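The next block is final_8.tsv, given as TSV, C-alpha atoms.
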chain	number	residue	atom	x	y	z
A	1	MET	CA	94.64	112.49	100.21
A	2	ARG	CA	94.77	112.14	96.43
A	3	HIS	CA	94.61	108.78	94.68
A	4	GLU	CA	95.32	108.34	91.00
A	5	PRO	CA	93.02	106.04	89.02
A	6	ALA	CA	94.54	102.63	88.53
A	7	PRO	CA	95.85	102.10	84.99
A	8	ALA	CA	94.98	99.06	82.95
A	9	GLN	CA	97.09	95.94	83.23
A	10	ASP	CA	100.04	95.41	80.90
A	11	ALA	CA	98.84	94.23	77.50
A	12	GLU	CA	100.40	90.79	77.93
A	13	ALA	CA	98.85	90.14	81.35
A	14	ARG	CA	96.12	87.54	81.55
A	15	PRO	CA	92.52	88.81	81.73
A	16	PHE	CA	91.13	89.21	85.24
A	17	PRO	CA	88.42	86.58	85.81
A	18	LEU	CA	85.79	88.78	87.47
A	19	ALA	CA	83.69	91.84	86.61
A	20	PRO	CA	84.12	94.88	88.92
A	21	THR	CA	81.33	95.95	91.28
A	22	PRO	CA	81.96	99.56	92.36
A	23	ILE	CA	81.11	100.70	95.87
A	24	ASP	CA	77.75	102.47	96.02
A	25	VAL	CA	76.19	103.12	99.43
A	26	PRO	CA	72.43	103.73	99.08
A	27	GLU	CA	71.39	107.34	99.68
A	28	GLU	CA	68.76	106.27	102.22
A	29	VAL	CA	71.54	104.78	104.38
A	30	LEU	CA	73.35	108.12	104.41
A	31	THR	CA	70.13	110.01	105.14
A	32	ASP	CA	69.39	107.71	108.08
A	33	LEU	CA	72.95	108.17	109.34
A	34	ARG	CA	72.62	111.97	109.37
A	35	ARG	CA	69.27	111.73	111.14
A	36	ARG	CA	70.69	109.47	113.85
A	37	LEU	CA	73.67	111.76	114.34
A	38	GLU	CA	71.36	114.74	114.73
A	39	LEU	CA	69.34	112.91	117.39
A	40	THR	CA	72.36	111.86	119.46
A	41	ARG	CA	71.63	112.02	123.19
A	42	TRP	CA	74.81	113.25	124.82
A	43	THR	CA	76.06	112.08	128.19
A	44	ASP	CA	77.46	114.29	130.94
A	45	ASP	CA	81.25	114.14	130.77
A	46	ALA	CA	82.52	116.51	133.46
A	47	GLY	CA	86.23	116.38	134.29
A	48	ASN	CA	87.24	114.43	131.20
A	49	GLN	CA	89.21	117.05	129.29
A	50	ASP	CA	92.31	114.87	129.74
A	51	TRP	CA	90.52	111.77	128.34
A	52	TYR	CA	91.10	109.95	131.63
A	53	TYR	CA	87.63	108.39	131.44
A	54	GLY	CA	87.79	107.68	127.71
A	55	VAL	CA	86.76	109.74	124.70
A	56	ASP	CA	86.15	113.37	125.54
A	57	ARG	CA	82.63	114.56	124.70
A	58	ALA	CA	83.81	117.90	123.32
A	59	TYR	CA	85.97	116.39	120.58
A	60	LEU	CA	83.50	113.60	119.85
A	61	GLN	CA	80.67	116.13	119.49
A	62	GLU	CA	82.83	118.23	117.15
A	63	LEU	CA	83.53	115.17	115.02
A	64	VAL	CA	79.90	114.03	115.01
A	65	ASP	CA	78.79	117.50	113.87
A	66	TYR	CA	81.36	117.39	111.09
A	67	TRP	CA	80.25	113.89	110.06
A	68	ARG	CA	76.64	115.08	109.89
A	69	THR	CA	77.01	118.46	108.18
A	70	ASP	CA	80.34	118.76	106.34
A	71	TYR	CA	81.63	115.30	105.51
A	72	ASP	CA	81.11	114.16	101.91
A	73	TRP	CA	80.89	110.38	101.58
A	74	ARG	CA	80.32	110.61	97.83
A	75	ALA	CA	83.71	112.30	97.40
A	76	ALA	CA	85.33	109.52	99.44
A	77	GLU	CA	83.43	106.94	97.43
A	78	THR	CA	84.77	108.42	94.20
A	79	ALA	CA	88.35	108.13	95.50
A	80	ILE	CA	87.70	104.55	96.60
A	81	ASN	CA	86.20	103.67	93.21
A	82	ALA	CA	89.32	104.88	91.42
A	83	TYR	CA	90.37	101.30	92.17
A	84	GLU	CA	88.65	98.10	91.07
A	85	HIS	CA	86.28	96.46	93.53
A	86	TYR	CA	84.84	92.97	93.49
A	87	ARG	CA	82.42	90.93	95.56
A	88	VAL	CA	82.57	87.15	95.38
A	89	PRO	CA	81.39	84.23	97.50
A	90	VAL	CA	84.32	82.21	98.82
A	91	GLU	CA	83.23	78.92	100.34
A	92	GLY	CA	79.86	80.55	101.02
A	93	VAL	CA	81.37	83.64	102.68
A	94	PRO	CA	80.80	87.05	101.04
A	95	VAL	CA	84.17	88.62	100.26
A	96	HIS	CA	84.81	92.13	98.99
A	97	PHE	CA	88.24	93.08	97.75
A	98	MET	CA	89.94	96.04	96.14
A	99	ARG	CA	92.39	95.40	93.29
A	100	ARG	CA	95.25	97.48	91.92
A	101	PRO	CA	96.67	95.88	88.76
A	102	GLY	CA	100.42	95.53	88.69
A	103	VAL	CA	102.45	97.57	86.20
A	104	GLY	CA	105.65	95.77	85.32
A	105	PRO	CA	107.05	92.82	83.39
A	106	ASN	CA	105.76	90.17	85.81
A	107	PRO	CA	103.77	91.52	88.77
A	108	THR	CA	103.66	89.24	91.81
A	109	PRO	CA	100.19	88.59	93.31
A	110	LEU	CA	100.03	90.06	96.83
A	111	ILE	CA	97.15	89.90	99.31
A	112	LEU	CA	97.07	92.46	102.14
A	113	THR	CA	94.97	91.85	105.27
A	114	HIS	CA	93.83	94.52	107.71
A	115	GLY	CA	92.81	94.28	111.36
A	116	TRP	CA	90.44	96.08	113.74
A	117	PRO	CA	89.36	98.89	113.75
A	118	TRP	CA	90.84	99.05	110.29
A	119	THR	CA	89.14	98.76	106.93
A	120	PHE	CA	90.56	97.79	103.54
A	121	TRP	CA	91.08	101.54	102.94
A	122	HIS	CA	93.88	101.69	105.52
A	123	TRP	CA	96.05	100.08	102.81
A	124	SER	CA	95.28	102.82	100.29
A	125	ARG	CA	98.55	104.68	100.84
A	126	VAL	CA	100.73	101.73	99.80
A	127	VAL	CA	98.85	100.05	96.95
A	128	ASP	CA	99.98	102.45	94.23
A	129	PRO	CA	103.75	102.26	94.91
A	130	LEU	CA	103.51	98.50	95.39
A	131	ALA	CA	101.62	98.02	92.11
A	132	ASP	CA	103.48	100.58	90.01
A	133	PRO	CA	106.94	101.07	91.50
A	134	ALA	CA	108.32	102.80	88.39
A	135	ALA	CA	105.87	105.67	88.92
A	136	HIS	CA	107.18	106.07	92.47
A	137	GLY	CA	110.92	105.91	91.90
A	138	GLY	CA	111.19	102.12	92.09
A	139	ASP	CA	112.05	99.18	89.87
A	140	PRO	CA	109.19	97.91	87.67
A	141	ALA	CA	110.53	94.39	88.17
A	142	GLU	CA	109.29	94.69	91.77
A	143	ALA	CA	105.65	95.33	90.83
A	144	PHE	CA	102.84	93.56	92.66
A	145	GLU	CA	99.31	92.69	91.63
A	146	VAL	CA	97.68	94.02	94.81
A	147	ILE	CA	94.56	92.39	96.27
A	148	VAL	CA	93.11	94.09	99.38
A	149	PRO	CA	90.09	92.26	100.83
A	150	SER	CA	87.78	93.39	103.58
A	151	PHE	CA	88.13	90.95	106.47
A	152	PRO	CA	84.99	88.74	106.59
A	153	GLY	CA	82.42	90.47	108.77
A	154	PHE	CA	84.06	93.87	108.20
A	155	GLY	CA	82.91	96.56	105.79
A	156	PHE	CA	81.68	95.24	102.49
A	157	SER	CA	82.52	91.59	103.28
A	158	THR	CA	79.11	91.27	104.91
A	159	PRO	CA	76.71	90.01	106.09
A	160	LEU	CA	77.80	86.87	107.91
A	161	PRO	CA	74.49	85.39	109.13
A	162	ASP	CA	75.62	81.79	108.63
A	163	ASN	CA	79.23	82.20	109.74
A	164	PRO	CA	79.18	83.23	113.42
A	165	ASP	CA	82.48	81.43	114.09
A	166	MET	CA	84.73	83.42	111.74
A	167	ASN	CA	88.26	83.91	113.10
A	168	PHE	CA	91.78	84.58	111.85
A	169	TRP	CA	92.84	81.06	110.93
A	170	LYS	CA	89.59	80.37	109.09
A	171	VAL	CA	90.09	83.59	107.14
A	172	ALA	CA	93.51	82.32	106.05
A	173	ASP	CA	91.79	79.32	104.45
A	174	LEU	CA	89.36	81.65	102.66
A	175	TRP	CA	92.19	83.84	101.41
A	176	HIS	CA	94.08	80.86	100.05
A	177	THR	CA	90.95	79.73	98.21
A	178	LEU	CA	90.38	83.27	96.91
A	179	MET	CA	93.93	83.58	95.59
A	180	THR	CA	94.41	80.10	94.15
A	181	ARG	CA	90.95	78.96	93.06
A	182	THR	CA	88.88	82.10	92.51
A	183	LEU	CA	91.68	84.21	91.03
A	184	GLY	CA	93.84	81.38	89.74
A	185	TYR	CA	97.26	82.37	91.08
A	186	GLU	CA	99.60	79.40	91.50
A	187	ARG	CA	101.78	81.26	94.02
A	188	TYR	CA	101.42	84.59	95.76
A	189	GLY	CA	102.70	86.78	98.57
A	190	ALA	CA	100.91	88.09	101.63
A	191	GLY	CA	101.13	91.00	104.05
A	192	GLY	CA	99.20	92.04	107.12
A	193	CYS	CA	99.03	94.03	110.33
A	194	ASP	CA	97.11	93.68	113.60
A	195	VAL	CA	94.97	90.52	113.37
A	196	GLY	CA	95.78	90.63	109.67
A	197	ALA	CA	99.32	89.69	110.68
A	198	LEU	CA	97.92	86.54	112.32
A	199	VAL	CA	96.00	85.70	109.14
A	200	THR	CA	99.19	86.24	107.16
A	201	GLY	CA	101.21	84.19	109.62
A	202	GLN	CA	98.70	81.33	109.30
A	203	LEU	CA	99.08	81.49	105.52
A	204	GLY	CA	102.84	81.24	106.00
A	205	HIS	CA	102.30	78.28	108.32
A	206	LYS	CA	99.73	76.21	106.45
A	207	TYR	CA	100.41	77.19	102.85
A	208	ALA	CA	104.12	78.04	102.83
A	209	GLU	CA	104.87	76.07	99.66
A	210	GLU	CA	102.44	78.23	97.70
A	211	LEU	CA	103.73	81.55	99.03
A	212	TYR	CA	106.78	83.48	97.88
A	213	ALA	CA	107.06	85.25	101.24
A	214	ILE	CA	105.05	87.20	103.83
A	215	HIS	CA	105.55	90.61	105.43
A	216	ILE	CA	103.83	91.62	108.66
A	217	GLY	CA	103.73	94.21	111.41
A	218	SER	CA	104.93	93.11	114.87
A	219	GLY	CA	105.33	89.31	115.01
A	220	GLN	CA	103.09	87.49	117.44
A	221	LYS	CA	102.66	83.79	118.13
A	222	LEU	CA	99.70	82.20	116.38
A	223	THR	CA	98.64	81.00	119.84
A	224	LEU	CA	98.07	84.62	120.92
A	225	PHE	CA	94.36	84.02	121.63
A	226	ASN	CA	94.72	80.50	123.03
A	227	GLY	CA	94.33	79.87	126.76
A	228	GLU	CA	91.74	80.63	129.40
A	229	ARG	CA	92.75	84.27	129.91
A	230	ALA	CA	93.66	85.40	126.41
A	231	TRP	CA	91.55	88.49	127.03
A	232	ASP	CA	94.05	89.62	129.71
A	233	LEU	CA	96.99	91.35	128.04
A	234	SER	CA	99.18	90.65	131.06
A	235	GLY	CA	98.23	86.98	131.18
A	236	GLY	CA	97.32	87.45	134.83
A	237	ARG	CA	100.88	88.34	135.79
A	238	PRO	CA	101.33	91.23	138.24
A	239	ILE	CA	103.77	94.01	137.43
A	240	PRO	CA	107.07	93.04	139.11
A	241	ASP	CA	108.07	94.92	142.23
A	242	GLY	CA	111.08	97.19	142.28
A	243	LEU	CA	110.98	98.42	138.70
A	244	PRO	CA	112.18	101.95	137.93
A	245	ALA	CA	109.27	104.38	138.02
A	246	ASP	CA	109.46	105.22	134.31
A	247	LEU	CA	109.44	101.54	133.29
A	248	HIS	CA	106.53	100.81	135.64
A	249	ALA	CA	104.59	103.71	134.08
A	250	GLN	CA	105.31	102.43	130.55
A	251	ILE	CA	103.93	98.99	131.42
A	252	VAL	CA	100.77	100.49	132.90
A	253	ALA	CA	100.29	102.75	129.87
A	254	LEU	CA	100.72	99.86	127.44
A	255	GLU	CA	98.20	97.69	129.24
A	256	LYS	CA	95.72	100.56	129.45
A	257	ARG	CA	96.10	101.19	125.71
A	258	PHE	CA	94.95	97.71	124.71
A	259	ALA	CA	93.23	96.07	127.69
A	260	VAL	CA	89.76	97.62	127.41
A	261	HIS	CA	88.85	96.55	123.90
A	262	LEU	CA	90.62	93.19	124.17
A	263	ALA	CA	88.63	92.18	127.25
A	264	VAL	CA	85.24	93.41	126.04
A	265	HIS	CA	85.57	92.07	122.50
A	266	THR	CA	86.63	88.67	123.78
A	267	LEU	CA	84.20	88.33	126.69
A	268	ALA	CA	81.00	90.13	125.61
A	269	PRO	CA	81.08	91.30	121.98
A	270	SER	CA	77.34	91.01	121.38
A	271	THR	CA	76.48	93.11	124.42
A	272	LEU	CA	78.60	95.93	123.05
A	273	ALA	CA	77.42	95.36	119.48
A	274	HIS	CA	73.77	95.97	120.36
A	275	ALA	CA	74.65	99.50	121.51
A	276	LEU	CA	77.15	100.35	118.78
A	277	SER	CA	74.90	99.10	115.99
A	278	ASP	CA	72.13	101.46	117.13
A	279	SER	CA	74.15	104.65	117.64
A	280	PRO	CA	76.63	105.98	115.07
A	281	ALA	CA	77.97	108.42	117.67
A	282	GLY	CA	78.54	105.55	120.08
A	283	MET	CA	80.18	103.46	117.39
A	284	LEU	CA	82.42	106.37	116.44
A	285	ALA	CA	83.43	106.91	120.08
A	286	TRP	CA	84.45	103.27	120.47
A	287	ILE	CA	86.66	103.11	117.40
A	288	LEU	CA	87.88	106.71	117.74
A	289	GLU	CA	89.51	105.86	121.05
A	290	ARG	CA	91.61	103.21	119.28
A	291	TRP	CA	92.60	105.55	116.45
A	292	VAL	CA	93.62	108.15	119.02
A	293	ASN	CA	95.47	105.85	121.41
A	294	TRP	CA	97.08	103.48	118.93
A	295	SER	CA	98.47	105.90	116.34
A	296	ASP	CA	101.73	107.81	116.72
A	297	ASN	CA	100.08	111.23	116.69
A	298	GLY	CA	101.88	113.24	119.38
A	299	GLY	CA	98.60	114.06	121.09
A	300	ASP	CA	96.70	115.21	117.99
A	301	VAL	CA	94.94	112.43	116.10
A	302	GLU	CA	94.33	114.72	113.14
A	303	THR	CA	98.05	114.72	112.35
A	304	VAL	CA	97.53	111.09	111.34
A	305	PHE	CA	93.83	110.92	110.44
A	306	THR	CA	92.01	114.02	109.22
A	307	LYS	CA	88.36	114.43	110.07
A	308	ASP	CA	87.55	113.21	106.57
A	309	ASP	CA	89.74	110.13	107.08
A	310	LEU	CA	88.04	109.34	110.37
A	311	CYS	CA	84.58	109.78	108.90
A	312	THR	CA	85.38	107.64	105.86
A	313	GLN	CA	86.48	104.72	108.00
A	314	ALA	CA	83.49	105.16	110.32
A	315	THR	CA	81.06	105.37	107.42
A	316	ILE	CA	82.35	102.07	106.02
A	317	TYR	CA	81.59	100.40	109.34
A	318	TRP	CA	78.22	102.11	109.75
A	319	ALA	CA	76.90	101.78	106.20
A	320	THR	CA	77.60	98.05	106.16
A	321	GLY	CA	76.29	97.36	109.67
A	322	SER	CA	79.51	95.50	110.38
A	323	ILE	CA	80.64	96.74	113.78
A	324	GLY	CA	79.12	93.71	115.55
A	325	THR	CA	80.65	91.02	113.35
A	326	SER	CA	83.96	92.87	113.29
A	327	ILE	CA	84.39	92.85	117.05
A	328	ARG	CA	83.16	89.27	117.44
A	329	THR	CA	86.32	88.16	115.62
A	330	TYR	CA	88.20	88.50	118.91
A	331	ALA	CA	85.85	86.17	120.75
A	332	ASN	CA	86.09	83.63	117.94
A	333	ASN	CA	89.88	83.75	117.97
A	334	HIS	CA	89.58	82.71	121.61
A	335	ARG	CA	86.58	80.36	121.41
A	336	TYR	CA	88.01	78.38	118.49
A	337	PRO	CA	91.72	78.09	119.39
A	338	TRP	CA	94.45	77.86	116.81
A	339	ALA	CA	95.95	74.40	116.24
A	340	PRO	CA	99.00	73.61	114.11
A	341	SER	CA	98.70	72.09	110.65
A	342	HIS	CA	102.17	70.49	110.96
A	343	ASP	CA	104.91	70.10	113.58
A	344	ARG	CA	107.84	71.39	111.53
A	345	GLN	CA	109.97	74.25	112.79
A	346	PRO	CA	109.75	77.12	112.44
A	347	ALA	CA	105.98	76.87	112.50
A	348	ILE	CA	105.74	79.71	109.98
A	349	GLU	CA	107.97	78.38	107.20
A	350	ALA	CA	107.38	81.06	104.57
A	351	PRO	CA	110.19	83.64	104.39
A	352	THR	CA	109.03	86.41	106.70
A	353	GLY	CA	109.73	90.11	106.92
A	354	ILE	CA	108.60	92.13	109.93
A	355	THR	CA	108.23	95.88	110.42
A	356	PHE	CA	108.46	97.19	113.99
A	357	VAL	CA	107.43	100.75	114.89
A	358	GLY	CA	108.62	103.03	117.67
A	359	TYR	CA	105.24	103.79	119.23
A	360	GLU	CA	104.79	100.08	119.93
A	361	ASN	CA	108.24	99.44	121.36
A	362	PRO	CA	107.92	97.21	124.44
A	363	PRO	CA	108.44	99.02	127.75
A	364	GLY	CA	112.11	99.71	128.30
A	365	VAL	CA	113.13	98.78	124.73
A	366	SER	CA	114.46	101.48	122.40
A	367	THR	CA	114.13	101.30	118.63
A	368	ASP	CA	117.81	100.49	118.15
A	369	ARG	CA	117.31	97.41	120.37
A	370	ARG	CA	113.93	96.37	118.98
A	371	VAL	CA	115.17	93.75	116.54
A	372	ARG	CA	117.52	92.25	119.11
A	373	HIS	CA	114.69	92.18	121.66
A	374	PHE	CA	112.53	90.22	119.20
A	375	LEU	CA	115.33	87.78	118.39
A	376	GLU	CA	115.82	87.10	122.09
A	377	SER	CA	112.09	86.56	122.69
A	378	ASP	CA	110.15	83.29	122.41
A	379	ARG	CA	108.32	84.71	119.37
A	380	ALA	CA	111.34	84.69	117.04
A	381	ALA	CA	111.44	80.90	116.79
A	382	TRP	CA	107.96	80.89	115.26
A	383	TYR	CA	109.14	82.58	112.06
A	384	ASN	CA	111.49	81.95	109.18
A	385	HIS	CA	112.46	85.60	109.49
A	386	VAL	CA	114.61	86.99	106.71
A	387	ASN	CA	114.13	90.76	106.98
A	388	LEU	CA	113.59	92.58	110.29
A	389	ASN	CA	113.21	96.37	110.35
A	390	ALA	CA	112.60	98.84	113.18
A	391	HIS	CA	111.55	102.46	112.73
A	392	ASP	CA	111.53	105.30	115.26
A	393	HIS	CA	108.15	106.58	114.16
A	394	GLY	CA	104.83	104.98	113.39
A	395	GLY	CA	102.02	103.45	115.38
A	396	HIS	CA	99.61	100.57	115.03
A	397	PHE	CA	98.33	101.56	111.57
A	398	ILE	CA	101.72	101.06	109.93
A	399	PRO	CA	100.92	101.22	106.18
A	400	TRP	CA	98.81	104.34	106.78
A	401	GLU	CA	101.24	106.09	109.14
A	402	ILE	CA	104.60	105.28	107.52
A	403	PRO	CA	103.69	104.07	104.02
A	404	ASP	CA	107.10	104.69	102.44
A	405	GLN	CA	108.93	102.64	105.07
A	406	TRP	CA	106.36	99.84	104.86
A	407	VAL	CA	106.73	99.65	101.08
A	408	ASP	CA	110.54	99.62	101.29
A	409	ASP	CA	110.49	96.92	103.97
A	410	LEU	CA	108.07	94.72	102.05
A	411	ARG	CA	110.04	95.05	98.83
A	412	ARG	CA	113.20	93.88	100.61
A	413	THR	CA	111.37	90.84	101.94
A	414	PHE	CA	110.31	89.76	98.45
A	415	ARG	CA	113.52	90.71	96.66
A	416	ASP	CA	115.06	87.65	94.94
A	417	ARG	CA	112.20	85.48	96.23
A	418	ARG	CA	109.86	85.65	93.23
What would the structure in this file look like if it were written as structure tokens?
Amino acid sequence: MRHEPAPAQDAEARPFPLAPTPIDVPEEVLTDLRRRLELTRWTDDAGNQDWYYGVDRAYLQELVDYWRTDYDWRAAETAINAYEHYRVPVEGVPVHFMRRPGVGPNPTPLILTHGWPWTFWHWSRVVDPLADPAAHGGDPAEAFEVIVPSFPGFGFSTPLPDNPDMNFWKVADLWHTLMTRTLGYERYGAGGCDVGALVTGQLGHKYAEELYAIHIGSGQKLTLFNGERAWDLSGGRPIPDGLPADLHAQIVALEKRFAVHLAVHTLAPSTLAHALSDSPAGMLAWILERWVNWSDNGGDVETVFTKDDLCTQATIYWATGSIGTSIRTYANNHRYPWAPSHDRQPAIEAPTGITFVGYENPPGVSTDRRVRHFLESDRAAWYNHVNLNAHDHGGHFIPWEIPDQWVDDLRRTFRDRR
């Protein structure tokens, strides 16, 4: 994947208020990583060629060997540093963000929020066309000033020793402070996927008057993690009797895809973190399973993420020691429930665009019915939705998997609203 260096801002744009701090992982961290990978103690994994029991040892071992002997973090770091990077304290929380200056007559500030097991780099395929549309066949009047932070406790937004309660709605407050106070934007737009969509939804709820619009993937209620059994994807409801066999199988497959990590991250994140923070192979296995099962890859993860892509994302988690604080976010979403800032309807007042993808269609719902299914659900009333789009292809990592469609969808959401 090739990334062009970001050009300077237009001459008339105001100076950016911060000095860049490029990413530079210490060499001793990389040396220690290779040593730990070499000393991996492998488990027996008989009968798991079909991944029934989880990640298959054969592929994991192949990927670990590649990470140790062939992968070049410095090359990835050079590509990452083609963009501007900053680290700032925001209300006492360390925040890293990547910036791509907008190229156009009046670029709109836009903050993009990732989820788990994402990093800021999962947005890298959309920042250039969003910031410089003219260079990608678009209208320069639709340029954005793109700000891509690392979620607090993830990647380079670490460490969080004094903030053990960080969750999605608290991050929204940090982002609003970052955009309005630290960076000085009077109004801005926001986008997000996974838990980043909840952060973005909270921005559209609490700070709607200071946002032009928001654009998200899926479209969940902000109460998603509220309740005693938020860790149970089914909410404790049994699968109804009498369903057609194919629909029953789809429901089981969907619950299996998400249930494991949701339950563990919510109920015992520290227990898992102790193991994953000690073993890079173990950490890779845990997040690899999500990249494999959540992306629309047709059975071959490397059609979506190359080995280099996988190792880059894993190295960001490992080098920053952030796997523990990243997974605790789930427990904090549950432990510190969301509460409304106002009682107006819809709760999320900012104009909202949503991108739906085929690999995450609900059981029994085809892509051509996806928008209608959302409108008929109890989630639609939460949003001031103005632009709903459904695509046949694409999985959980939408801006990485279908970047062109994401960019087009987001542009439509903001058109005539800035």
With distances taken over only C-alpha atoms, which of A:Cys193, A:Leu254, A:Thr320, A:Arg418 is nearest to Pro363 (chain A)?
A:Leu254
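Residues of protein, DNA and RNA with at least one atom no farther than 10 Å from (93.7, 100.9, 102.0) are, using all atoms listed in the file, Ile80, Met98, Leu112, Thr113, His114, Trp118, Thr119, Phe120, Trp121, His122, Trp123, Ser124, Arg125, Val126, Val127, Val148, Pro149, Ser150, Pro399 and Trp400 of chain A.
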Proximity to Pro269 (chain A) - best of A:Arg257, A:Arg328, A:Arg57, A:Arg412, all atoms listed in the file
A:Arg328
Test item: residues at most 12 Å from Ser377 (chain A), all atoms listed in the file, excluding those fewer than 5 positions along its chain, as an NGL selection string
:A and (219-221 or 362 or 370-372 or 382-383)
Shell of 12 Å around Gly282 (chain A), only C-alpha atoms, local chain residues under 6 positions omitted, as a ChimeraX atom specification:
/A:36-37,40-43,55,57,60-61,63-64,272-276,288-289,314,318,323
Excluding same-chain residues fewer than 6 positions from Gly298 (chain A), what lies within 12 Å of it counting only C-alpha atoms, as a PyMOL selection string?
chain A and resi 292+304+359+393-395
Top pick for closest residue to Thr200 (chain A), considering A:Ile316, A:Ile111, A:Cys311, A:Leu233 and counting only C-alpha atoms:
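Under the stated criterion, the closest residue is A:Ile111.
The closest residue to Glu142 (chain A), picked from A:Thr78, A:Thr177, A:Ser157, A:Asn106 and counting only C-alpha atoms, is A:Asn106.
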All heavy atoms restored at region 363-369 of chain A, emitted as a CSV table (one decimal), in the coordinates of the input:
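In the end it all went to out25.csv:
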chain,number,residue,atom,x,y,z
A,363,PRO,N,107.9,98.2,126.7
A,363,PRO,CA,108.4,99.0,127.8
A,363,PRO,C,109.9,98.7,128.0
A,363,PRO,O,110.3,97.6,128.1
A,363,PRO,CB,107.6,98.6,128.9
A,363,PRO,CG,106.3,98.2,128.4
A,363,PRO,CD,106.7,97.5,127.1
A,364,GLY,N,110.7,99.8,128.0
A,364,GLY,CA,112.1,99.7,128.3
A,364,GLY,C,113.0,99.3,127.1
A,364,GLY,O,114.2,99.2,127.3
A,365,VAL,N,112.4,99.2,125.9
A,365,VAL,CA,113.1,98.8,124.7
A,365,VAL,C,113.1,99.9,123.7
A,365,VAL,O,112.1,100.4,123.3
A,365,VAL,CB,112.5,97.5,124.1
A,365,VAL,CG1,113.3,97.2,122.8
A,365,VAL,CG2,112.5,96.4,125.0
A,366,SER,N,114.3,100.4,123.4
A,366,SER,CA,114.5,101.5,122.4
A,366,SER,C,114.4,100.9,121.0
A,366,SER,O,114.6,99.7,120.8
A,366,SER,CB,115.8,102.2,122.6
A,366,SER,OG,116.9,101.3,122.5
A,367,THR,N,114.2,101.8,120.0
A,367,THR,CA,114.1,101.3,118.6
A,367,THR,C,115.4,100.6,118.2
A,367,THR,O,115.3,99.6,117.5
A,367,THR,CB,113.8,102.5,117.7
A,367,THR,OG1,112.5,103.0,118.1
A,367,THR,CG2,113.7,102.0,116.2
A,368,ASP,N,116.6,101.1,118.6
A,368,ASP,CA,117.8,100.5,118.2
A,368,ASP,C,118.0,99.1,118.7
A,368,ASP,O,118.9,98.4,118.3
A,368,ASP,CB,119.0,101.4,118.4
A,368,ASP,CG,119.2,101.7,119.9
A,368,ASP,OD1,118.3,101.3,120.7
A,368,ASP,OD2,120.2,102.3,120.3
A,369,ARG,N,117.2,98.7,119.8
A,369,ARG,CA,117.3,97.4,120.4
A,369,ARG,C,116.1,96.5,120.0
A,369,ARG,O,116.0,95.4,120.5
A,369,ARG,CB,117.4,97.5,121.9
A,369,ARG,CG,118.7,98.1,122.4
A,369,ARG,CD,118.8,98.1,123.9
A,369,ARG,NE,118.6,96.7,124.4
A,369,ARG,CZ,117.6,96.3,125.2
A,369,ARG,NH1,116.6,97.2,125.6
A,369,ARG,NH2,117.4,95.1,125.6
